[in-house]
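Only one structure is covered here, and it is reproduced in the block below.
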Amino acid sequence: MDGKKLEYKGENALKEIEKLTTTAGEVQYGILKEILKRNAETEYLNKYMKGSIDVSQFKSCVPVITYKNIYPYIQRIANGEDSFLITGQTITEILCSSGTSAGEPKLTPSIAEDLDRRTFLYNLIMPIMNQYIPGLDDGKAMYLYFVKAELSTPCGLPFRTVLTSYYKSKHFKCRTRDPFNDFTSPDQAILCNDSNQSMYCQLLAGLVHRHQVMRLGAVFASALLRAISFLERKWAQLCNDIRTGHLDLSIIDPACRSAMMSILSSPNPDLADEIESICSRPSWKGILCHLWPRAKYIEAVVTGSMAQYIPPLEYYSAGKLPLVCTMYASSECYFGVNLKPICDPAEVAFTLLPNMGYFEFLPLGENGALAMDIDEEEAVPNDRLVDLVNVKVGCYYELVVTTFSGLYRYRIGDVLQVTGFHNQAPQFRFICRRNVVLSVDNDKTNEEDLHRSITTAKKLLEPYNALLVEYTSYADTSSVPGHYVLFWEIQMVDSATSIDAKLLQECCVTVEEELDYVYRQCRSREKTIGPLEIRVVEPGTFEALMDLIISQGGSINQYKTPRCIKSSTALKLLNSHALASFSSPRDPKWIPLNG
């Protein structure tokens with residue numbers, strides 16, 4: 001495909017964004033009307049609509065639901081009953097969430113045309129990026145993508161993650177080849193079910209093409225950091241492969257071996273020496289820039305709980321590569337794109353595209369306080385929801401979706417804040433998952449509050465050249481009063497420095513003083529919460545946690561470190577790796593509101 005065609009393709013994509021967002025209200029009405037037209041006679045909708053396709057009747061009669069309400073229908077389809085229970089189209093697969101935000105993986109119905117919608121969104125990314133960073137067609141992308149071995153439902157439907165579904169689809173495997181989707185990783189390596197073999201081959205391919213790489217990335221920032229850790233352990237083996245032109249014998253997947261031997265077509269000792277010289281340096285600060293000197297940015301999800309990974313990514317890139325978060329999506333629906341991708345990660349806002357599904361919003365107030373007041377299972381009045389074009393800037397909402405594949409007024413569980421509009425389409429900042437909460441008494445600490453508190457506390461480590469690599473938490477109610485426990489994995493950047501107990505005790509206090517009014521009231525006045533505890537764990541603990549969760553059915557592609565541990569197995573693993581424990585030596589400051 002020549003340059004003029006590529007440019008035309010990009011112009012068309014940008015024009016389509018403008019068209020959709022300029023008529024967002026009309027598009028949304030049309031989407032809902034079409035969903036009702038196709039699905040009105042399904043068992044689920046007919047129960048409430050009696051065959052009607054009237055939009056106003058949909059809004060007044062169809063209830064707002066959570067997963068537990070739709071699960072019985074999905075389970076029946078998985079067991080062999082007709083898709084017509086919930087959708088007029090044939091359900092072609094059941095998608096599973098990673099299961100790290102709310103325990104057990106959730107089952108999501110998917111139809112063939114859902115892949116068209118996902119592909120549509122993916123095809124918007126490069127035209128948007130080209131507006132900000134030119135020359136991306138003059139090289140390759142080193143994106144680390146992974147699949148997970150899929151299962152089948154009792155009736156034989158594929159049961160897999162949304163990303164595995166996409167990478168195994170013709171939309172990905174038979175994609176039009178052009179300079180903007182020229183990946184260093186061969187498809188065979190991406191499609192390898194063994195994540196270690198896949199990681200090894202993808203890193204090896206990226207190193208072989210190191211002087212052609214223009215952009216780096218993974219789906220989530222955590223996956224990219226896992227790759228860096230893998231590279232730290234395996235770079236000598238990788239260099240040996242490049243030096244000799246022979247692939248390590250640990251790679252036994254036939255398709256991977258065949259594809260990689262084509263890349264390792266001949267010995268390249270000079271390239272191996274270059275990489276060895278870089279990787280053997282005492283400090284890996286800026287390692288990404290040294291290994292891939294032409295890279296212009298890092299693409300990965302760095303919003304929400306992934307914001308924890310911003311400091312280590314900045315360390316490994318020496319702060320020279322922008323961290324780009326391009327899109328907002330879930331297993332249930334792909335939602336929108338970031339129209340200003342080079343912005344600061346803290347300012348990322350996604351423009352919801354009105355053709356991806358029908359979107360409504362549950363108001364949570366001007367400061368998000370209602371997010372904790374509305375129980376996830378509490379019935380929500382139908383007339384409380386707000387349409388896409390009627391949300392208000394500055395306000396917080398929970399996203400509610402209706403899809404072609406059989407989800408109706410389904411609460412996604414994401415809390416969003418409206419930051420502005422692009423034409424008629426609102427732009428949202430992702431705040432947190434509603435149901436990620438620490439609670440011992442009357443306190444309710446959400447993911448954002450926890451992250452903000454830890455972000456403040458970890459600054460105390462910086463003068464000692466210490467880096468908080470990862471964290472999670474749980475509410476320990478095994479004793480009275482219960483208390484918050486934080487598991488911290490700390491990396492000493494400079495081995496000549498150390499941190500003492502007093503410093504970590506101060507970190508405990510700092511976290512507590514950054515938590516909300518109710519928490520501090522419970523701690524300082526009512527004494528219904530005990531002192532916060534930090535348990536420092538040994539290096540590699542959170543990789544072991546990831547391995548555990550993946551072994552239990554999670555996806556390496558969609559893995560996100562759970563910010564609140566509820567699994568006894570995971571808790572046992574963390575405690576077995578604990579090196580030391582530190583608690584707050586004093587109560588956090590608390591002043592009565594009327595005092």
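Note on naming: chains are A, B, ... as they come in the structure tokens, residues start from 1 per chain, ligands start from 1 in the order shown.
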
Helix (DSSP H, G or I) residues, from DSSP on the backbone, in segment 193-248 of chain A, as a PyMOL selection string: chain A and resi 195-208+221-244

Let me see the file: selected residues, C-alpha atoms, as a PDB file, in the first residue's frame.
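selection_28.pdb, freshly written:
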ATOM      1  CA  SER A 195       3.530 -17.434  27.755  1.00  0.00           C
ATOM      2  CA  ASN A 196       7.225 -18.020  28.529  1.00  0.00           C
ATOM      3  CA  GLN A 197       8.013 -19.274  25.033  1.00  0.00           C
ATOM      4  CA  SER A 198       5.924 -16.458  23.575  1.00  0.00           C
ATOM      5  CA  MET A 199       7.721 -13.852  25.694  1.00  0.00           C
ATOM      6  CA  TYR A 200      11.152 -15.241  24.801  1.00  0.00           C
ATOM      7  CA  CYS A 201      10.451 -15.255  21.069  1.00  0.00           C
ATOM      8  CA  GLN A 202       8.841 -11.813  21.035  1.00  0.00           C
ATOM      9  CA  LEU A 203      11.742 -10.248  22.938  1.00  0.00           C
ATOM     10  CA  LEU A 204      14.234 -12.011  20.675  1.00  0.00           C
ATOM     11  CA  ALA A 205      12.467 -10.712  17.565  1.00  0.00           C
ATOM     12  CA  GLY A 206      12.407  -7.211  19.060  1.00  0.00           C
ATOM     13  CA  LEU A 207      16.129  -7.337  19.753  1.00  0.00           C
ATOM     14  CA  VAL A 208      16.948  -8.603  16.270  1.00  0.00           C
ATOM     15  CA  ALA A 221       1.825  -1.485  31.600  1.00  0.00           C
ATOM     16  CA  SER A 222       2.243  -4.448  33.940  1.00  0.00           C
ATOM     17  CA  ALA A 223       2.898  -6.774  30.992  1.00  0.00           C
ATOM     18  CA  LEU A 224       5.658  -4.497  29.720  1.00  0.00           C
ATOM     19  CA  LEU A 225       7.332  -4.435  33.125  1.00  0.00           C
ATOM     20  CA  ARG A 226       7.066  -8.197  33.302  1.00  0.00           C
ATOM     21  CA  ALA A 227       8.864  -8.319  29.953  1.00  0.00           C
ATOM     22  CA  ILE A 228      11.669  -6.125  31.282  1.00  0.00           C
ATOM     23  CA  SER A 229      12.048  -8.435  34.272  1.00  0.00           C
ATOM     24  CA  PHE A 230      12.120 -11.428  31.905  1.00  0.00           C
ATOM     25  CA  LEU A 231      14.765  -9.693  29.807  1.00  0.00           C
ATOM     26  CA  GLU A 232      16.914  -9.099  32.889  1.00  0.00           C
ATOM     27  CA  ARG A 233      16.965 -12.841  33.488  1.00  0.00           C
ATOM     28  CA  LYS A 234      17.289 -14.017  29.893  1.00  0.00           C
ATOM     29  CA  TRP A 235      19.367 -11.449  28.005  1.00  0.00           C
ATOM     30  CA  ALA A 236      22.480 -13.638  27.985  1.00  0.00           C
ATOM     31  CA  GLN A 237      20.547 -16.501  26.373  1.00  0.00           C
ATOM     32  CA  LEU A 238      18.964 -14.131  23.870  1.00  0.00           C
ATOM     33  CA  CYS A 239      22.365 -12.730  22.941  1.00  0.00           C
ATOM     34  CA  ASN A 240      23.669 -16.249  22.455  1.00  0.00           C
ATOM     35  CA  ASP A 241      20.836 -17.007  20.030  1.00  0.00           C
ATOM     36  CA  ILE A 242      21.646 -13.882  18.023  1.00  0.00           C
ATOM     37  CA  ARG A 243      25.379 -14.571  18.119  1.00  0.00           C
ATOM     38  CA  THR A 244      25.075 -18.164  16.891  1.00  0.00           C
TER      39      THR A 244
END

Sort by chain and increasing residue number a table of all residues of segment 56-163 of chain A within 10 Å of segment 286-306 of chain A, each with its closest pair of atoms and their distance in Å to one decimal, counting only C-alpha atoms, and write it as CSV.
residue,atom,partner,partner_atom,distance
A:Ile133,CA,A:Lys296,CA,7.8
A:Pro134,CA,A:Lys296,CA,9.7
A:Gly135,CA,A:Lys296,CA,9.7
A:Leu136,CA,A:Lys296,CA,8.5
A:Gly139,CA,A:Arg294,CA,8.8
A:Lys140,CA,A:Ala295,CA,9.3
A:Ala141,CA,A:Ala295,CA,8.7
A:Met142,CA,A:Ala295,CA,9.2
A:Tyr143,CA,A:Glu299,CA,8.3

To one decimal in Å, tell me the separation between atom CA of Ser479 of chain A and atom CA of Ala457 of chain A.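 So the answer is 25.5 Å.
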
Contacts of segment 562-574 of chain A at 6 Å (only C-alpha atoms; same-chain gap of 3+ positions) as an MDAnalysis selection string: chainID A and resid 100 472:474 577

Selected residues written out with N, CA and C atoms, as a PDB file, in the first residue's frame:
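Result file result15.pdb:
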ATOM      1  N   THR A 100      -9.632 -10.664  37.869  1.00  0.00           N
ATOM      2  CA  THR A 100      -8.794 -10.125  38.933  1.00  0.00           C
ATOM      3  C   THR A 100      -9.438  -8.948  39.646  1.00  0.00           C
ATOM      4  N   THR A 472      -0.268  -4.333  46.836  1.00  0.00           N
ATOM      5  CA  THR A 472      -1.667  -4.736  46.929  1.00  0.00           C
ATOM      6  C   THR A 472      -2.079  -4.602  48.395  1.00  0.00           C
ATOM      7  N   SER A 473      -3.300  -4.975  48.715  1.00  0.00           N
ATOM      8  CA  SER A 473      -3.807  -4.749  50.067  1.00  0.00           C
ATOM      9  C   SER A 473      -4.857  -5.784  50.426  1.00  0.00           C
ATOM     10  N   TYR A 474      -5.178  -5.836  51.704  1.00  0.00           N
ATOM     11  CA  TYR A 474      -6.370  -6.561  52.136  1.00  0.00           C
ATOM     12  C   TYR A 474      -6.777  -6.056  53.518  1.00  0.00           C
ATOM     13  N   HIS A 577       6.076 -14.765  51.434  1.00  0.00           N
ATOM     14  CA  HIS A 577       7.207 -14.008  50.891  1.00  0.00           C
ATOM     15  C   HIS A 577       7.509 -12.747  51.704  1.00  0.00           C
TER      16      HIS A 577
END

Between A:Glu526, A:Tyr471, A:Val393, A:Lys589, which has the minimum distance to Glu514 of chain A (counting only C-alpha atoms)?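 The closest residue to Glu514 of chain A is A:Lys589.
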
For segment 114-116 of chain A, work out the shell of residues within 8 Å, counting only C-alpha atoms and skipping chain neighbours fewer than 4 positions away, then give it as JSON, numbers by chain. {"A": [110, 120, 166, 171, 405]}

Smallest atom-to-atom distance to Ile263 of chain A: which of A:Arg38, A:Arg215, A:His246, A:His451, using only C-alpha atoms?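 So, comparing all the options, the nearest one is A:His246.
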
Enumerate, as number ranges by chain, the complete set of residues in segment 99-179 of chain A that a backbone-based DSSP assignment places in strand (DSSP E or B). A: 107-111, 140-144, 151-152, 158-160
